[in-house]
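*Asks:* Pasting a structure below so you can have a look.
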Amino acid sequence: MSRDSAAAAPGRTGARPERPVGRKKAGSRWGRFLEGGLLQGGVQGSPVLRLVLRWVRRPLLPVMRLWRRNIQLKVVVTTLLMSLGVVLLLGFVVIGQVRNGLLDAKVKASQSQATGGFAAAKQNADEAAAGTADDGAAGDEHAEQNVIQWMSDLVTSLSSGGQGAFEVVTLPASAGGDTGGRGPRASGRVIPTDSVPEDLRERIDSNTGVFQSYTRIVYHPTAHKDPQPALVIGKQVNDPNNNPYQLYYLFPLTQEEKSLSLVKGTLATAGLFVVVLLGAIAWLVVRQVVTPVRMAAGIAERLSAGRLQERMKVTGEDDIARLGEAFNKMAQNLQLKIQQLEDLSRMQRRFVSDVSHELRTPLTTVRMAADVIHEAREDFDPVTARSAELLADQLDRFESLLADLLEISRFDAGAAALEAEPIDLREVVRRVVSGAEPLAERKGTQIRVVGDQQPIVAEADARRVERVLRNLVVNAVEHGEGKDVVVKLASAGGAVAVAVRDYGVGLKPGEATRVFSRFWRADPARARTTGGTGLGLSIALEDARLHGGWLQAWGEPGGGSQFRLTLPRTADEPLRGSPIPLEPKDSRRNRGLNDAGLPSGGGEKVATVPAQTSGDQVSVMPTRDPIPSRHGGAVPKADPTALPGNGARVVPRPASGARRQEDIAGPPGAEERSSEEAGQDGESSKHGEASRGR
Amino acid sequence: MGRHRVGADREGRARRTPGRTVAYAACGVVLLAGCASMPDSGDLRGVESTPRQDTQVRVFAMPPREDASSSEIVSGFLEALTSDDPDYETARKYLTAEAARKWLPRQATTVLADGPGVDVEHLGGREETDSLSYTLTGTKVATVDAQQSYAPAGGDYSEPMHLTREKKSKQWRIDVPPRGVVMGKSDFQRNYMSVDKYYFATNTQLGTSPHTAAVADPVFVRRNVDPMTQMVRSLLKGPTSWLDPVARTSFPTGTALKNDDTTLTPNDQNRLTVPLNDKAARVGLSQCNEMAAQLLFTLQNVTPTVDEVQLEAGDRQLCALREDQAEEVAARGSVERATYLYFLDDKHRLVRLAAATNDTDPDPVPGALGEGETQLKSVAVSRDEDMAAGVGVDGKNLYVGALVSGGPLGEPELTSAGPSAEERLTAPSWDAQGDLWVADRDPRNPRLLLLKEGVGDPLVVKTPPGLEGRIESVRVAADGVRIALVVKQGEKSSLLIGRIERAEDGKEAERSAVSVHELRSATPELEEVTAMSWAGDSRLVVVGREQGGVQTMRYVQVDGSTPEGPAPAALSGVKEITASEDARLPLIGYSEDGIVRLPSGAQWQKVATDGTAPVYPG
């Protein structure tokens with residue numbers, strides 16, 4: 001119920017408080033990810049870890065904020081990451097292809113070289129065998145021993161063909177177990193047993209074909225060479241005695257590795273350049289777009305702050321320039337229209353003020369004349385005497401109307417000044433109550449003051465507060481139908497409040513805001529002859545607003561109404577809430593009564609849907625109230641956008657749980673209800689009596 | 001919109017100065033184009049020589065397999081002998097424990113032409129025997145003795161070897177191994193290398209130089225077994241027995257390395273620290289410098305390079321010597337550079353050319369020999385290039401003259417009584433002391449003569465009694481203690497290296513105090529030696545012909561081995577040849593094309609068409 005209110009809070013646009021909310025939502029993906037998934041989920045058990053993580057995260061927070069806010073950063077980082085990915089992928093593919101290409105070429109060349117070497121070894125053995133056979137019959141035994149030198153010579157001659165291009169290794173064929181006493185031989189200080197893989201040896205032992213494998217050549221320490229990758233090709237060959245041995249060609253892949261590392265280095269350098277270049281390009285391009293957009297945002301902010309003369313600088317003819325021109329045109333039109341409206345409004349106010357002033361002088365004359373006539377009315381015939389009385393009455397009314405008009409035009413002109421000083425509201429209330437006592441007696445109403453045990457002090461303009469309260473109390477007495485009027489004072493949390501409660505005809509839904517409109521009447525048909533000027537509550541609202549306070553109304557048809565004035569305890573302090581709930585505890589709905597005064601179903605409140613969508617707009621369809629017009633507990637609902645302030649500023653307090661629930665439950669259907677009731681205004685004669693405003 | 005304005009400004013500027021933009025772009029393109037092509041000019045810098053690829057083949061000895069057959073044991077043992085084990089540990093595993101203890105592999109190394117053959121002697125024909133006898137056979141090429149000195153050898157090699165089956169393990173082992181190490185020639189060349197260790201000549205006083213002369217003493221060390229330490233050890237042991245009578249070492253007797261297992265390696269500044277035992281602790285500085293010079297000379301050609309030697313004994317530094325300082329301690333023939341190349345022109349007079357140039361325009365030498373009054377057939381110039389000796393066209397007379405202008409040519413110092421030009425005087429040769437050597441080929445009275453200072457009375461040099469045949473050519477080494485002689489016997493001629501000993505002790509004995517000892521053949525495989533010259537401290541260049549072969553030119557070591565490295569490029573019809581002991585000077589030959597020279601790394605070049613008898617000083 002705190003929403004259906006007329007708030008006197010200084011003007012704030014409705015959109016403004018929403019922005020942080022929306023931004024938080026949009027940008028909290030990261031935060032949620034970190035807090036929920038990454039940080040809290042995993043580390044809830046360990047406070048130390050959480051501490052560490054917090055310590056780590058703290059310097060990251062500005063970065064994250066920058067990330068959320070800076071589109072340029074986002075685009076550049078995304079570009080960098082994506083180009084890095086592409087470059088890495090490309091690098092892997094290219095390096096893989098180069099590697100395969102190099103290896104293919106090397107393997108082919110090596111294979112042909114090794115095959116030639118094996119053939120040479122075989123031929124060499126055949127020649128040696130033939131030579132010894134020719135030597136004589138001593139043959140076999142003799143030749144067998146000469147293999148030692150023969151094989152060393154063979155390895156020397158084979159390896160002399162490729163200085164550094166390949167190394168030659170012989171190993172005894174180990175399959176038969178009988179190595180013939182031969183040891184391994186190797187050229188180029190290669191350690192043969194470490195350099196030839198074991199599985200290749202086994203394969204060559206068992207097969208006669210040529211096999212190849214990759215290995216790492218291990219050199220003798222005196223060679224001062226690091227082990228290097230190599231291709232090893234081996235075959236089982238026979239020596240002059242027809243004993244098998246294994247001949248291996250080892251081709252170091254040093255050159256290939258150098259080529260590959262050259263390619264790697266080139267690619268890495270090129271990739272680095274490409275990534276940096278793309279990042280720089282993205283940065284420049286985004287900067288080209290973002291800079292004008294930022295400027296437009298800044299200008300728009302300044303425009304919205306009221307500096308309508310701000311314009312964007314436009315150069316060139318591109319899209320950005322068009323945007324700037326359109327923006328400037330818009331701003332210019334806005335400025336023009338606002339200027340016109342302001343001029344118009346100023347003119348009207350001036351006109352009202354001038355008219356009031358101008359009327360005063362003749363009115364004084366008329367007044368004096370009327371006074372003379374009124375004094376002499378007993379000498380007139382009754383009809384004329386009655387006219388004289390009427391004239392005097394209406395002149396009084398005219399005068400007060402003029403005074404109110406002048407007052408309100410002062411407000412409109414911004415000429416009203418607040419003369420705040422600490423006052424005790426109880427005294428003001430006492431003065432007002434005693435002032436209204438005669439009227440109350442006439443109406444048979446008793447005015448009760450509640451909550452005046454403690455002094456309630458606030459910085460306020462006593463005159464204006466008294467005017468507001470007098471207006472409220474007199475209104476309450478007039479519309480109280482002789483029932484009691486309760487004036488309640490309270491003070492809490494930097495705010496003081498005075499609520500005036502009557503139990504009269506009450507307010508229809510939607511009227512709670514309209515009561516503050518100028519010249520508003522609950523019953524338009526009612527003549528202006530009775531009541532006030534119709535400006536009283538408007539002036540009261542302006543007074544409250546001048547204090548930085550709120551003036552809000554609540555009412556229910558037949559249940560009376562309550563007007564609440566909330567003021568900050570010290571001037572210029574923004575209000576956070578009111579010590580008195582806007583809807584009194586003894587409202588019908590709070591008491592659980594329906595229109596007829598009977599207790600309504602207990603489930604009603606429970607059935608409310610406590611869902612609250614964004615902002616203060618509540619548009620939840622009521623489930624408990626299919627016929628709102630007939631419902632006694634119908635809640636007058638103020639359209640918050642129509643109000644200078646809204647109920648969101650009333651911080652719900654946990655203590656008033658019930659009220660809180662009503663806050664949620666109240667608004668549903670209020671709008672349609674009010675429109676419906678607007679249509680019913682005419683026929684609902686029993687409410688028709690209710691009229692507000694003086 | 002500021003960005004836009006800036007852009008517009010830039011554009012405006014660019015429009016204003018299009019020429020400059022174009023110039024910048026052109027510069028950029030040129031720069032990029034420069035980067036994108038190979039440079040054809042640029043900075044100059046030295047190139048560090050990369051070590052030559054080592055294609056040495058190594059044999060990795062394998063210990064005997066469990067239950068190996070006897071023939072496997074034999075071939076495994078012989079193979080292990082060709083491996084690089086520092087102390088033949090693997091080979092010893094093929095021996096019985098006692099044989100391994102007694103076997104002395106360093107005692108002797110026998111080089112066979114084609115590797116050792118193995119003949120089994122079947123005993124009794126029984127298969128299951130625990131004892132087998134083998135004989136290692138082959139053709140001997142050379143032997144290396146315990147002093148690591150090489151000597152060519154010939155004849156058949158036959159060495160018994162005996163295998164036994166060990167009682168306990170039932171494994172075949174060798175209980176009678178061959179004496180020392182035996183291997184084939186190519187294995188020997190692969191595993192061993194020849195190095196010169198340097199000593200000082202004892203009984204020579206260099207007349208022309210204050211230094212003592214360093215004598216090279218070639219030995220063979222195992223190439224892959226820490227050659228530097230082996231060389232130092234060998235040097236400390238003293239000169240080989242052949243050289244010992246005429247060479248001295250400056251190391252005190254008994255000097256050795258401090259620890260037996262030291263491995264010597266130079267540090268980063270190429271400085272080698274040699275720790276010696278206490279025997280060397282009390283040497284003086286000059287002796288220590290001589291010791292260091294010996295080490296530096298010896299280690300000059302090994303890798304890694306040694307530029308400085310530091311000697312230590314008893315934890316005290318004795319001295320340190322750098323390579324350039326070592327040259328002042330002792331003279332080596334290979335660093336005394338000849339200034340001129342001398343030869344005879346078409347008028348048979350002595351002319352000279354600057355040695356290290358490509359000059360082909362000779363100048364007559366000053367003095368009588370250059371004036372052409374006496375026609376010469378062969379000449380020799382003293383090592384200090386002050387004196388020259390020439391033999392007349394008919395070979396009859398030997399003239400000696402100073403190389404100074406106006407010096408008269410006196411009477412012949414020596415006259416041969418040989419019947420023909422070919423049987424008279426050989427080309428003379430000067431030694432480092434300024435003495436002149438010449439041989440008289442008179443068949444009735446062949447003799448080797450020495451003229452003190454070139455002018456003294458001819459002294460007949462005693463030659464070993466075993467020398468048969470006629471001395472055809474004489475060349476004395478720069479150190480003055482070794483002499484190379486070409487001796488012709490019948491149709492064969494061979495190159496012999498002898499040791500010169502001078503007995504300086506008694507005046508009485510002076511006339512016969514000079515003798516040549518222990519001639520040994522440096523070219524056993526050559527049948528005919530046409531010309532020869534010293535070409536290094538222990539190297540000669542020889543032109544000769546093998547049996548049934550053609551004339552070739554080759555280098556030989558004084559000990560008869562063949563040095564590593566390529567032979568000089570072939571040249572046909574070489575009659576005379578001369579080389580400097582400094583390897584940087586070109587080889588000069590006299591062939592059918594006239595006088596030609598062979599600069600290192602190039603082909604033969606013609607120097608003079610009609611010159612004869614080219615000689616370097618010496």
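Residues are named by chain letter and number: chains run A, B, ... in the order of the structure tokens, numbers start at 1 in each chain, and ligands are numbered from 1 in the order shown.
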Excluding same-chain residues fewer than 3 positions from segment 540-546 of chain B, what lies within 7 Å of it counting only C-alpha atoms, as number ranges by chain?
*Replies:* B: 525-536, 549-557
*Asks:* With chain A as the partner and 8 Å as the cut-off, tabulate the residues of chain B that qualify, each row holding the nearest pair of atoms and their distance in Å to one decimal, using only C-alpha atoms, sorted by chain and rising number, as CSV.
*Replies:*
```
residue,atom,partner,partner_atom,distance
B:Met1,CA,A:Pro292,CA,5.6
B:Arg3,CA,A:Gln288,CA,6.9
B:His4,CA,A:Thr315,CA,6.5
B:Arg5,CA,A:Thr315,CA,6.6
B:Gln53,CA,A:Gly164,CA,6.1
B:Asp54,CA,A:Gly188,CA,5.2
B:Thr55,CA,A:Gly188,CA,4.3
B:Gln56,CA,A:Ser187,CA,5.3
B:Val57,CA,A:Ser187,CA,3.9
B:Arg58,CA,A:Ala186,CA,5.3
B:Val59,CA,A:Arg185,CA,4.4
B:Phe60,CA,A:Pro184,CA,5.2
B:Ala61,CA,A:Gly183,CA,5.2
B:Met62,CA,A:Gly183,CA,5.3
B:Pro64,CA,A:Gly181,CA,7.4
B:Ala68,CA,A:Asp178,CA,7.4
B:Ser71,CA,A:Gly180,CA,7.6
B:Glu72,CA,A:Gly181,CA,4.6
B:Ile73,CA,A:Gly181,CA,6.3
B:Val74,CA,A:Gly181,CA,7.5
B:Ser75,CA,A:Gly181,CA,5.2
B:Gly76,CA,A:Gly181,CA,3.8
B:Phe77,CA,A:Gly181,CA,7.6
B:Leu78,CA,A:Ile148,CA,7.8
B:Glu79,CA,A:Ile148,CA,6.1
B:Ala80,CA,A:Gly183,CA,7.9
B:Asp114,CA,A:Asn146,CA,7.1
B:Gly115,CA,A:Asn146,CA,5.7
B:Pro116,CA,A:Asn146,CA,6.7
B:Gly117,CA,A:His142,CA,5.1
B:Val118,CA,A:His142,CA,6.0
B:Asp119,CA,A:Glu141,CA,6.8
B:Gly184,CA,A:Gln149,CA,6.3
B:Ser186,CA,A:Gln149,CA,7.1
B:Asp187,CA,A:Gln149,CA,6.3
```
*Asks:* Given the selection you just returned, output its residues as a file containing C-alpha atoms, formatted as a PDB file, in the first residue's frame.
*Replies:*
```
ATOM      1  CA  MET B   1      34.608  13.481 -33.722  1.00  0.00           C
ATOM      2  CA  ARG B   3      39.392  11.396 -34.578  1.00  0.00           C
ATOM      3  CA  HIS B   4      37.687  12.469 -37.745  1.00  0.00           C
ATOM      4  CA  ARG B   5      39.196  15.840 -37.687  1.00  0.00           C
ATOM      5  CA  GLN B  53      83.971 -34.158 -39.247  1.00  0.00           C
ATOM      6  CA  ASP B  54      85.410 -37.132 -37.522  1.00  0.00           C
ATOM      7  CA  THR B  55      84.628 -40.164 -39.597  1.00  0.00           C
ATOM      8  CA  GLN B  56      86.848 -42.431 -37.600  1.00  0.00           C
ATOM      9  CA  VAL B  57      85.519 -45.911 -37.410  1.00  0.00           C
ATOM     10  CA  ARG B  58      85.658 -47.420 -33.989  1.00  0.00           C
ATOM     11  CA  VAL B  59      85.538 -51.011 -33.007  1.00  0.00           C
ATOM     12  CA  PHE B  60      83.677 -51.650 -29.816  1.00  0.00           C
ATOM     13  CA  ALA B  61      85.160 -54.697 -28.175  1.00  0.00           C
ATOM     14  CA  MET B  62      82.726 -57.167 -26.700  1.00  0.00           C
ATOM     15  CA  PRO B  64      83.441 -63.100 -24.445  1.00  0.00           C
ATOM     16  CA  ALA B  68      81.580 -69.152 -26.616  1.00  0.00           C
ATOM     17  CA  SER B  71      87.076 -69.883 -32.664  1.00  0.00           C
ATOM     18  CA  GLU B  72      84.819 -67.206 -31.321  1.00  0.00           C
ATOM     19  CA  ILE B  73      87.259 -66.614 -28.496  1.00  0.00           C
ATOM     20  CA  VAL B  74      90.121 -66.262 -30.921  1.00  0.00           C
ATOM     21  CA  SER B  75      88.375 -63.838 -33.257  1.00  0.00           C
ATOM     22  CA  GLY B  76      86.899 -61.913 -30.336  1.00  0.00           C
ATOM     23  CA  PHE B  77      90.364 -61.524 -28.830  1.00  0.00           C
ATOM     24  CA  LEU B  78      91.890 -60.381 -32.095  1.00  0.00           C
ATOM     25  CA  GLU B  79      89.039 -57.964 -32.582  1.00  0.00           C
ATOM     26  CA  ALA B  80      89.418 -56.570 -29.092  1.00  0.00           C
ATOM     27  CA  ASP B 114      96.287 -58.116 -44.069  1.00  0.00           C
ATOM     28  CA  GLY B 115      95.341 -58.917 -40.526  1.00  0.00           C
ATOM     29  CA  PRO B 116      96.321 -62.037 -38.665  1.00  0.00           C
ATOM     30  CA  GLY B 117      95.295 -65.338 -40.067  1.00  0.00           C
ATOM     31  CA  VAL B 118      94.603 -68.234 -37.742  1.00  0.00           C
ATOM     32  CA  ASP B 119      95.721 -71.802 -38.325  1.00  0.00           C
ATOM     33  CA  GLY B 184      96.275 -55.424 -39.815  1.00  0.00           C
ATOM     34  CA  SER B 186      94.484 -50.511 -42.000  1.00  0.00           C
ATOM     35  CA  ASP B 187      93.504 -51.147 -38.398  1.00  0.00           C
TER      36      ASP B 187
END
```
*Asks:* Quick one: pull the distance between atom CA of Leu507 of chain A and atom CA of Ser400 of chain A, Å, one decimal.
*Replies:*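 Atom-to-atom, atom CA of Leu507 of chain A to atom CA of Ser400 of chain A, that is 25.6 Å.
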*Asks:* Rank nothing, just name the residue among A:Val76, A:Ile539, A:Leu546, A:Leu90 nearest to Gly414 of chain A, using only C-alpha atoms.
*Replies:*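 So, comparing all the options, the nearest one is A:Leu546.
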*Asks:* May I have all residues of segment 353-546 of chain B that DSSP, computed from the backbone, assigns to strand (DSSP E), given as a PyMOL selection string?
*Replies:* chain B and resi 353-354+363-364+376-381+387-392+397-402+414-415+429-430+436-440+447-451+458-460+470-476+482-489+492-502+514-521+526-534+539-546
*Asks:* Which distance in Å separates atom CA of Ala230 of chain A and atom CA of Leu250 of chain A, to one decimal?
*Replies:* 6.4 Å
*Asks:* Looking only at alpha helix (DSSP H) from DSSP on the backbone, list the matching residues of segment 242-412 of chain A as a PyMOL selection string.
*Replies:* chain A and resi 254-304+319-375+382-412
*Asks:* Give me the residues within 10 Å of Glu573 of chain A as a PDB file with C-alpha atoms, in the first residue's frame, counting only C-alpha atoms and dropping any in the same chain fewer than 3 places off.
*Replies:*
```
ATOM      1  CA  GLY A 494      15.689  10.253  10.550  1.00  0.00           C
ATOM      2  CA  ALA A 495      12.056  10.898   9.707  1.00  0.00           C
ATOM      3  CA  HIS A 547      10.599  20.297   2.986  1.00  0.00           C
ATOM      4  CA  GLY A 548      11.891  17.318   1.069  1.00  0.00           C
ATOM      5  CA  GLY A 549       9.078  15.307   2.595  1.00  0.00           C
ATOM      6  CA  LEU A 567       9.308  14.996   6.915  1.00  0.00           C
ATOM      7  CA  PRO A 568      13.007  14.489   7.274  1.00  0.00           C
ATOM      8  CA  ARG A 569      14.225  15.168  10.755  1.00  0.00           C
ATOM      9  CA  THR A 570      16.845  17.501   9.413  1.00  0.00           C
ATOM     10  CA  ARG A 576      14.207   6.579   3.345  1.00  0.00           C
TER      11      ARG A 576
END
```
*Asks:* Determine, counting only C-alpha atoms, which protein, DNA and RNA residues have an atom within 6 Å of an atom of segment 554-565 of chain A; residues of the same chain fewer than 6 positions away are not included. Present the result as a list of chain:residue names.
*Replies:*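 Selected residues are A:Ala497, A:Val498, A:Ala499, A:Val500, A:Arg501, A:Asp502, A:Tyr503, A:Gly504, A:Val505, A:Gly506, A:Leu507, A:Lys508, A:Ala512.
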*Asks:* Would you put the residues from that selection into a file with C-alpha atoms, as a PDB file, in the first residue's frame?
*Replies:*
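Output file again29.pdb follows:
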```
ATOM      1  CA  ALA A 497       5.458  11.646  10.402  1.00  0.00           C
ATOM      2  CA  VAL A 498       2.033  12.919  11.184  1.00  0.00           C
ATOM      3  CA  ALA A 499      -0.907  10.835  10.011  1.00  0.00           C
ATOM      4  CA  VAL A 500      -4.482  12.082  10.059  1.00  0.00           C
ATOM      5  CA  ARG A 501      -7.064   9.305  10.100  1.00  0.00           C
ATOM      6  CA  ASP A 502     -10.741   9.666   9.618  1.00  0.00           C
ATOM      7  CA  TYR A 503     -13.460   7.108   9.388  1.00  0.00           C
ATOM      8  CA  GLY A 504     -15.629   8.882   6.963  1.00  0.00           C
ATOM      9  CA  VAL A 505     -16.689   8.051   3.513  1.00  0.00           C
ATOM     10  CA  GLY A 506     -13.099   7.292   2.462  1.00  0.00           C
ATOM     11  CA  LEU A 507     -11.519   7.359  -0.914  1.00  0.00           C
ATOM     12  CA  LYS A 508     -12.333   5.374  -3.949  1.00  0.00           C
ATOM     13  CA  ALA A 512      -5.663   8.764  -3.461  1.00  0.00           C
TER      14      ALA A 512
END
```
*Asks:* Could you jot down the atom CA of Ile595 of chain B to atom CA of Arg539 of chain B separation for me, Å, one decimal place?
*Replies:*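 About the pair atom CA of Ile595 of chain B and atom CA of Arg539 of chain B: they are 22.2 Å apart.
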*Asks:* List the neighbours of Leu350 of chain B out to 6 Å using only C-alpha atoms; skip same-chain residues closer than 5 positions along the sequence, and give me the result as number ranges by chain.
*Replies:* B: 343-344, 369-370
*Asks:* For C-alpha atoms, I'd like the residues from the last selection saved as an mmCIF file, in the first residue's frame.
*Replies:*
```
data_model
loop_
_atom_site.group_PDB
_atom_site.id
_atom_site.type_symbol
_atom_site.label_atom_id
_atom_site.label_comp_id
_atom_site.auth_asym_id
_atom_site.auth_seq_id
_atom_site.Cartn_x
_atom_site.Cartn_y
_atom_site.Cartn_z
ATOM 1 C CA PHE B 343 118.560 -22.455 -58.816
ATOM 2 C CA LEU B 344 120.854 -22.398 -61.831
ATOM 3 C CA LEU B 369 128.778 -17.873 -58.205
ATOM 4 C CA GLY B 370 126.160 -15.550 -59.602
#
```
*Asks:* Which residues are near Val351 of chain B? Cut-off 6 Å, only C-alpha atoms, ignore same chain within fewer than 3 positions. Put them as a list in words.
*Replies:*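 Contacts, with the query itself left out: Tyr342, Phe343, Leu344, Pro362, Asp363, Pro364 and Val365 of chain B.
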